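Okay, data-v3.cif now, which holds mmCIF, C-alpha atoms:
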data_protein
#
loop_
_atom_site.label_atom_id
_atom_site.label_comp_id
_atom_site.auth_asym_id
_atom_site.auth_seq_id
_atom_site.Cartn_x
_atom_site.Cartn_y
_atom_site.Cartn_z
CA GLN A 4 113.57 80.59 89.46
CA LEU A 5 110.16 80.38 91.08
CA GLN A 6 107.40 82.44 89.47
CA LEU A 7 103.81 82.91 90.54
CA GLN A 8 101.20 84.38 88.21
CA GLU A 9 97.68 85.34 89.20
CA SER A 10 94.88 85.29 86.64
CA GLY A 11 91.14 85.85 86.58
CA PRO A 12 88.41 88.42 85.91
CA GLY A 13 89.20 91.96 86.92
CA LEU A 14 85.55 92.85 87.47
CA VAL A 15 82.99 90.89 89.48
CA LYS A 16 79.39 91.85 90.20
CA PRO A 17 78.11 92.11 93.78
CA SER A 18 76.73 88.84 95.19
CA GLU A 19 78.61 86.80 92.58
CA THR A 20 81.70 84.61 92.98
CA LEU A 21 85.26 85.83 92.61
CA SER A 22 87.49 83.16 91.04
CA LEU A 23 91.25 83.46 90.68
CA THR A 24 94.00 81.04 89.71
CA CYS A 25 97.70 81.12 90.56
CA SER A 26 100.04 79.36 88.15
CA VAL A 27 103.29 78.14 89.71
CA SER A 28 106.45 77.66 87.64
CA GLY A 29 109.98 76.84 88.72
CA ASP A 30 108.90 74.54 91.57
CA SER A 31 106.44 71.74 92.13
CA MET A 32 103.41 72.43 94.27
CA SER A 33 103.82 68.87 95.56
CA ASN A 34 106.98 69.91 97.40
CA PRO A 35 106.10 69.09 101.04
CA ASP A 36 108.23 71.99 102.30
CA TYR A 37 105.69 74.61 101.24
CA TRP A 38 102.09 75.71 101.46
CA TRP A 39 100.48 78.09 98.95
CA ALA A 40 98.56 81.19 99.96
CA TRP A 41 96.26 84.02 98.89
CA ILE A 42 96.67 87.49 100.37
CA ARG A 43 94.80 90.66 99.43
CA GLN A 44 95.30 94.39 99.76
CA PRO A 45 92.35 96.80 99.45
CA PRO A 46 93.15 100.11 97.76
CA GLY A 47 95.36 102.24 100.01
CA LYS A 48 95.15 99.73 102.85
CA GLY A 49 97.18 96.96 104.43
CA LEU A 50 97.60 93.26 103.78
CA GLU A 51 95.03 90.64 104.71
CA TRP A 52 95.76 86.92 104.70
CA ILE A 53 92.89 85.04 103.03
CA GLY A 54 94.00 81.44 103.40
CA SER A 55 96.50 78.74 102.54
CA VAL A 56 96.46 75.30 100.92
CA PHE A 57 98.82 72.30 101.07
CA TYR A 58 99.29 70.10 98.03
CA THR A 59 97.19 67.39 99.72
CA GLY A 60 94.23 69.76 99.80
CA ASN A 61 94.48 70.67 103.48
CA THR A 62 93.52 74.29 104.05
CA HIS A 63 93.59 77.10 106.61
CA TYR A 64 91.32 80.14 106.26
CA ASN A 65 91.05 83.58 107.79
CA SER A 66 88.32 83.29 110.39
CA SER A 67 86.61 86.42 109.04
CA LEU A 68 86.11 84.73 105.66
CA VAL A 69 85.20 81.20 106.74
CA GLY A 70 82.03 80.12 104.97
CA ARG A 71 82.67 82.44 102.04
CA VAL A 72 86.05 81.22 100.83
CA ALA A 73 87.47 78.08 99.25
CA ILE A 74 91.07 77.46 98.20
CA SER A 75 92.05 74.35 96.25
CA ALA A 76 95.22 72.87 94.78
CA ASP A 77 95.61 71.18 91.40
CA THR A 78 99.01 69.51 91.41
CA SER A 79 98.54 68.07 87.90
CA SER A 80 98.55 71.58 86.44
CA ASN A 81 100.71 73.11 89.20
CA GLN A 82 98.03 75.67 90.01
CA PHE A 83 95.98 76.65 93.01
CA SER A 84 92.74 78.57 93.05
CA LEU A 85 90.68 80.95 95.13
CA LYS A 86 86.92 81.22 95.20
CA LEU A 87 85.26 83.96 97.22
CA TYR A 88 81.47 83.77 97.31
CA SER A 89 78.84 86.49 97.66
CA VAL A 90 81.26 89.34 97.12
CA THR A 91 80.62 92.95 98.04
CA ALA A 92 82.45 96.20 97.36
CA ALA A 93 84.56 95.47 100.46
CA ASP A 94 86.18 92.62 98.53
CA THR A 95 87.67 95.04 96.00
CA ALA A 96 91.42 94.60 96.33
CA LEU A 97 94.72 93.64 94.78
CA TYR A 98 94.92 89.87 95.18
CA TYR A 99 98.32 88.22 95.57
CA CYS A 100 99.26 84.56 95.53
CA ALA A 101 102.38 83.55 97.43
CA ARG A 102 104.49 80.61 98.51
CA GLN A 103 104.36 79.94 102.23
CA LEU A 104 107.27 78.34 104.02
CA GLY A 105 106.11 75.08 105.56
CA ILE A 106 106.89 73.28 108.79
CA GLY A 107 104.72 75.84 110.52
CA ARG A 108 106.79 78.88 109.57
CA TRP A 109 103.83 81.02 108.50
CA CYS A 110 105.70 83.43 106.24
CA PHE A 111 105.64 84.11 102.51
CA ASP A 112 108.95 84.09 100.66
CA PHE A 113 107.80 84.44 97.04
CA TRP A 114 104.89 86.56 95.79
CA GLY A 115 103.13 87.03 92.48
CA ARG A 116 102.72 90.54 91.09
CA GLY A 117 99.08 90.65 92.10
CA THR A 118 95.86 91.02 90.15
CA GLN A 119 93.33 93.79 90.71
CA VAL A 120 89.73 92.72 91.31
CA THR A 121 86.95 95.27 91.46
CA VAL A 122 83.48 94.42 92.73
CA SER A 123 80.94 96.62 91.00
CA SER A 124 77.70 96.34 89.09
CA GLN B 19 91.67 87.71 115.25
CA SER B 20 92.56 91.43 115.52
CA ALA B 21 95.18 93.11 113.40
CA LEU B 22 98.56 93.82 114.95
CA SER B 23 99.23 97.48 115.80
CA GLN B 24 101.92 99.44 113.96
CA PRO B 25 102.68 103.18 113.89
CA PRO B 26 101.35 104.76 110.67
CA SER B 27 104.68 106.33 109.82
CA VAL B 28 108.33 106.65 110.80
CA SER B 29 111.15 108.63 109.27
CA GLY B 30 114.90 108.95 109.40
CA SER B 31 117.84 110.48 107.59
CA PRO B 32 120.35 108.48 105.55
CA GLY B 33 122.86 106.75 107.77
CA GLN B 34 120.56 106.78 110.80
CA SER B 35 118.67 103.86 112.36
CA VAL B 36 114.91 103.52 112.64
CA THR B 37 112.80 101.03 114.54
CA ILE B 38 109.25 100.00 113.69
CA SER B 39 107.15 98.42 116.42
CA CYS B 40 104.43 95.81 116.07
CA ILE B 41 102.18 95.32 119.08
CA GLY B 42 100.24 92.09 119.46
CA THR B 43 98.94 89.98 122.31
CA SER B 44 99.90 86.98 124.39
CA SER B 45 98.00 84.86 121.85
CA ASP B 46 100.08 85.80 118.83
CA ILE B 47 103.42 87.62 119.11
CA GLY B 48 103.83 86.74 122.76
CA ARG B 49 103.20 83.02 122.22
CA HIS B 50 104.57 82.04 118.81
CA ASP B 51 108.02 82.42 117.24
CA ARG B 52 106.40 83.07 113.87
CA VAL B 53 106.77 86.81 113.47
CA SER B 54 107.66 88.10 110.01
CA TRP B 55 108.31 91.47 108.39
CA TYR B 56 107.68 92.53 104.80
CA GLN B 57 108.92 95.52 102.80
CA GLN B 58 106.64 96.88 100.08
CA PRO B 59 107.99 99.70 97.90
CA PRO B 60 105.26 101.65 96.03
CA GLY B 61 103.61 99.69 93.24
CA THR B 62 105.37 96.42 94.00
CA ALA B 63 104.59 93.15 95.77
CA PRO B 64 105.76 92.69 99.37
CA ARG B 65 109.21 91.22 100.01
CA LEU B 66 110.04 89.08 103.05
CA VAL B 67 112.85 90.69 105.07
CA ILE B 68 112.58 88.93 108.47
CA TYR B 69 111.00 85.60 109.49
CA ASP B 70 110.81 83.64 112.75
CA VAL B 71 111.33 86.90 114.69
CA THR B 72 115.03 87.37 113.91
CA ASN B 73 115.99 85.46 110.75
CA ARG B 74 116.93 87.15 107.48
CA PRO B 75 116.25 85.44 104.14
CA SER B 76 119.14 85.12 101.74
CA GLY B 77 119.81 88.41 99.95
CA VAL B 78 118.42 90.70 102.65
CA PRO B 79 121.10 93.09 103.96
CA ASP B 80 122.24 92.68 107.56
CA ARG B 81 121.12 96.27 108.11
CA PHE B 82 117.68 94.72 108.70
CA SER B 83 117.19 93.06 112.07
CA GLY B 84 114.24 91.78 114.06
CA SER B 85 113.59 91.36 117.76
CA ARG B 86 110.80 90.72 120.22
CA SER B 87 110.02 91.69 123.81
CA GLY B 88 106.87 90.30 125.32
CA ASN B 89 103.95 90.99 123.00
CA THR B 90 105.85 93.53 120.89
CA ALA B 91 108.02 92.76 117.88
CA SER B 92 110.38 95.29 116.33
CA LEU B 93 112.15 95.78 113.02
CA THR B 94 115.29 97.89 113.06
CA ILE B 95 116.88 99.25 109.91
CA SER B 96 120.43 100.50 110.43
CA ARG B 97 122.48 102.76 108.17
CA LEU B 98 119.33 103.95 106.45
CA GLN B 99 119.43 104.31 102.66
CA ALA B 100 117.11 106.07 100.27
CA GLU B 101 116.18 102.73 98.70
CA ASP B 102 114.74 101.56 102.03
CA GLU B 103 111.76 103.89 101.65
CA ALA B 104 108.66 101.68 101.58
CA ASP B 105 105.68 100.41 103.54
CA PHE B 106 106.54 97.77 106.13
CA TYR B 107 104.17 95.12 107.48
CA CYS B 108 104.54 92.72 110.37
CA SER B 109 102.68 89.44 110.66
CA SER B 110 102.31 86.76 113.31
CA TYR B 111 100.86 83.31 113.60
CA SER B 112 97.98 83.51 116.07
CA GLY B 113 97.23 79.86 116.63
CA ASN B 114 94.47 77.60 115.31
CA GLY B 115 95.81 77.93 111.77
CA TRP B 116 95.39 81.68 111.58
CA LEU B 117 97.73 84.45 110.49
CA VAL B 118 97.34 88.15 111.24
CA PHE B 119 99.05 91.19 109.68
CA GLY B 120 99.77 94.61 111.10
CA GLY B 121 98.24 97.72 109.57
CA GLY B 122 101.52 98.82 107.98
CA THR B 123 104.08 101.57 108.57
CA LYS B 124 105.27 104.02 105.96
CA LEU B 125 109.01 104.61 106.19
CA THR B 126 110.20 107.94 104.80
CA VAL B 127 113.89 108.56 104.25
CA LEU B 128 114.41 112.29 104.67
#
How would this structure read if it were set down as structure tokens?
Amino acid sequence: QLQLQESGPGLVKPSETLSLTCSVSGDSMSNPDYWWAWIRQPPGKGLEWIGSVFYTGNTHYNSSLVGRVAISADTSSNQFSLKLYSVTAADTALYYCARQLGIGRWCFDFWGRGTQVTVSS
Amino acid sequence: QSALSQPPSVSGSPGQSVTISCIGTSSDIGRHDRVSWYQQPPGTAPRLVIYDVTNRPSGVPDRFSGSRSGNTASLTISRLQAEDEADFYCSSYSGNGWLVFGGGTKLTVL
């Protein structure tokens, strides 16, 4: 059974870098049928796609975050990571990692439980 | 890359049907067959209920169905049950490697 688990600091200071890791178990990230994604949800608001990574390292990013975001894959440890630079209070959100169906399907069939990140001094 | 437009809330009584709309543009919903719907009960992660406009993942009841007309996608839930109460989100591929979500619709079962 596939499981995704987000981990990382729950509190980040403004202007610093938010770093999260998603550990994948029950499937190999090197499976070419899937991409791996980060999605966030600000308190009381809707979902926002952050970006996606393929096991080769290829990425797609939300255009509103380009230049501030980096997603990478580590197939040796079956993990993928998110870095969001120069954070502000607007980046406070519940951050989810998810498996994205490949072959251009652009949907997420398995999600982690999410990890809360608060940006505050 | 604007968000898709959904009604803030819909409601229905058990046994009835409800439809949630998702309005996009000719660049996203109107162009690509990559429309999905997610159900998010309070305090839980979203769950995929429809993908590729009309397809249901394994385990999703056939009471959930998706459709599209022009730039508008719709999710219909038939034979409404109390357990269906949740927030629902649509999403669409918008080209150039981008994905956009709708603002979400709160479904209340009366």
Explicit residues for the PyMOL selection byres ((chain B) within 9 of (chain A)) (as a VMD selection string): chain B and resid 19 51 to 56 62 to 67 69 to 70 75 107 109 to 111 114 to 122
statement: atom CA of A:Leu21 to atom CA of A:Trp39 measures 18.2 Å
Spatial neighbours of A:Ser33, max dist 8 Å, only C-alpha atoms, sep filter under 4 positions, as a PyMOL selection string: chain A and resi 58-59+78
Could the residues in this selection be saved with C-alpha atoms as a PDB file, in the frame of the given file?
ATOM      1  CA  TYR A  58      99.290  70.100  98.030  1.00  0.00           C
ATOM      2  CA  THR A  59      97.190  67.390  99.720  1.00  0.00           C
ATOM      3  CA  THR A  78      99.010  69.510  91.410  1.00  0.00           C
TER       4      THR A  78
END
Spatial neighbours of A:Ala73, 8 Å, only C-alpha atoms, chain gap at least 4 places, as a list in words: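 Listing them by chain and then by number gives Leu85, Lys86 and Leu87 of chain A.
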task: Considering all atoms listed in the file, return as number ranges by chain whatever protein or nucleic-acid residues lie within 10 Å of B:Leu125, sequence-local ones (same chain, fewer than 5 positions apart) excluded.
output: B: 26-30, 36-38, 57, 59, 102-106
field: Picked residues, the PyMOL selection byres ((chain B and resi 48) around 9), expected as a VMD selection string
entry: chain B and resid 42 to 47 49 to 51 86 to 91
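The gap separating atom CA of A:Ala40 from atom CA of B:Pro79 is 25.8 Å, in Å to one decimal.
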Could you give me, as a JSON list (two decimals) with C-alpha atoms, keeping the file's coordinate frame, the residues that sit within 6 Å of (117.5, 109.0, 102.0) in the file's coordinates, counting all atoms listed in the file?
[["chain", "number", "residue", "atom", "x", "y", "z"],
["B", 31, "SER", "CA", 117.84, 110.48, 107.59],
["B", 32, "PRO", "CA", 120.35, 108.48, 105.55],
["B", 99, "GLN", "CA", 119.43, 104.31, 102.66],
["B", 100, "ALA", "CA", 117.11, 106.07, 100.27],
["B", 127, "VAL", "CA", 113.89, 108.56, 104.25],
["B", 128, "LEU", "CA", 114.41, 112.29, 104.67]]
- prompt: If you measure from atom CA of B:Ile68 to atom CA of B:Ser112, what distance in Å do you get, rounded to one decimal?
  reply: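 Straight-line distance from atom CA of B:Ile68 to atom CA of B:Ser112 works out to 17.3 Å.
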- request: Determine the residue membership of the PyMOL selection byres ((chain A and resi 23) around 7) for the file above and supply it as a ChimeraX atom specification.
  value: /A:9-11,21-22,24-25,84-86
- request: With a distance cut-off of 8 Å and all atoms listed in the file, select the neighbouring residues of B:Ser83, excluding the residue or stretch itself and same-chain residues fewer than 4 positions from it, and output the selection as a PyMOL selection string.
  value: chain B and resi 68+72-74+93-95
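Near A:Trp38, within 6 Å and counting all atoms listed in the file, sit Val56, Phe57, Gln103 and Gly105 of chain A, not including residues fewer than 3 positions from it in the same chain.
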Using only C-alpha atoms, please write the residues we just selected to a file, as an mmCIF file, in the frame of the given file.
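Resulting contents of again-v9.cif:
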data_model
loop_
_atom_site.group_PDB
_atom_site.id
_atom_site.type_symbol
_atom_site.label_atom_id
_atom_site.label_comp_id
_atom_site.auth_asym_id
_atom_site.auth_seq_id
_atom_site.Cartn_x
_atom_site.Cartn_y
_atom_site.Cartn_z
ATOM 1 C CA VAL A 56 96.460 75.300 100.920
ATOM 2 C CA PHE A 57 98.820 72.300 101.070
ATOM 3 C CA GLN A 103 104.360 79.940 102.230
ATOM 4 C CA GLY A 105 106.110 75.080 105.560
#
- request: For each of A:Tyr37, A:Ser123, A:Leu5, A:Ser75, take the minimum atom-to-atom distance to A:Thr91, counting all atoms listed in the file, then give the residue where this is smallest.
  value: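 Answer, going by the shortest atom-to-atom distance: A:Ser123.
Compared by their closest atoms to B:Thr123, and using only C-alpha atoms, the residues B:Ser85, B:Ser35, B:Ser20, B:Ser92 rank with B:Ser92 nearest.
Nearest-residue note for B:Pro60: choosing from A:Thr20, A:Gly47, A:Val15, A:Met32, the minimum distance belongs to A:Gly47, counting only C-alpha atoms.
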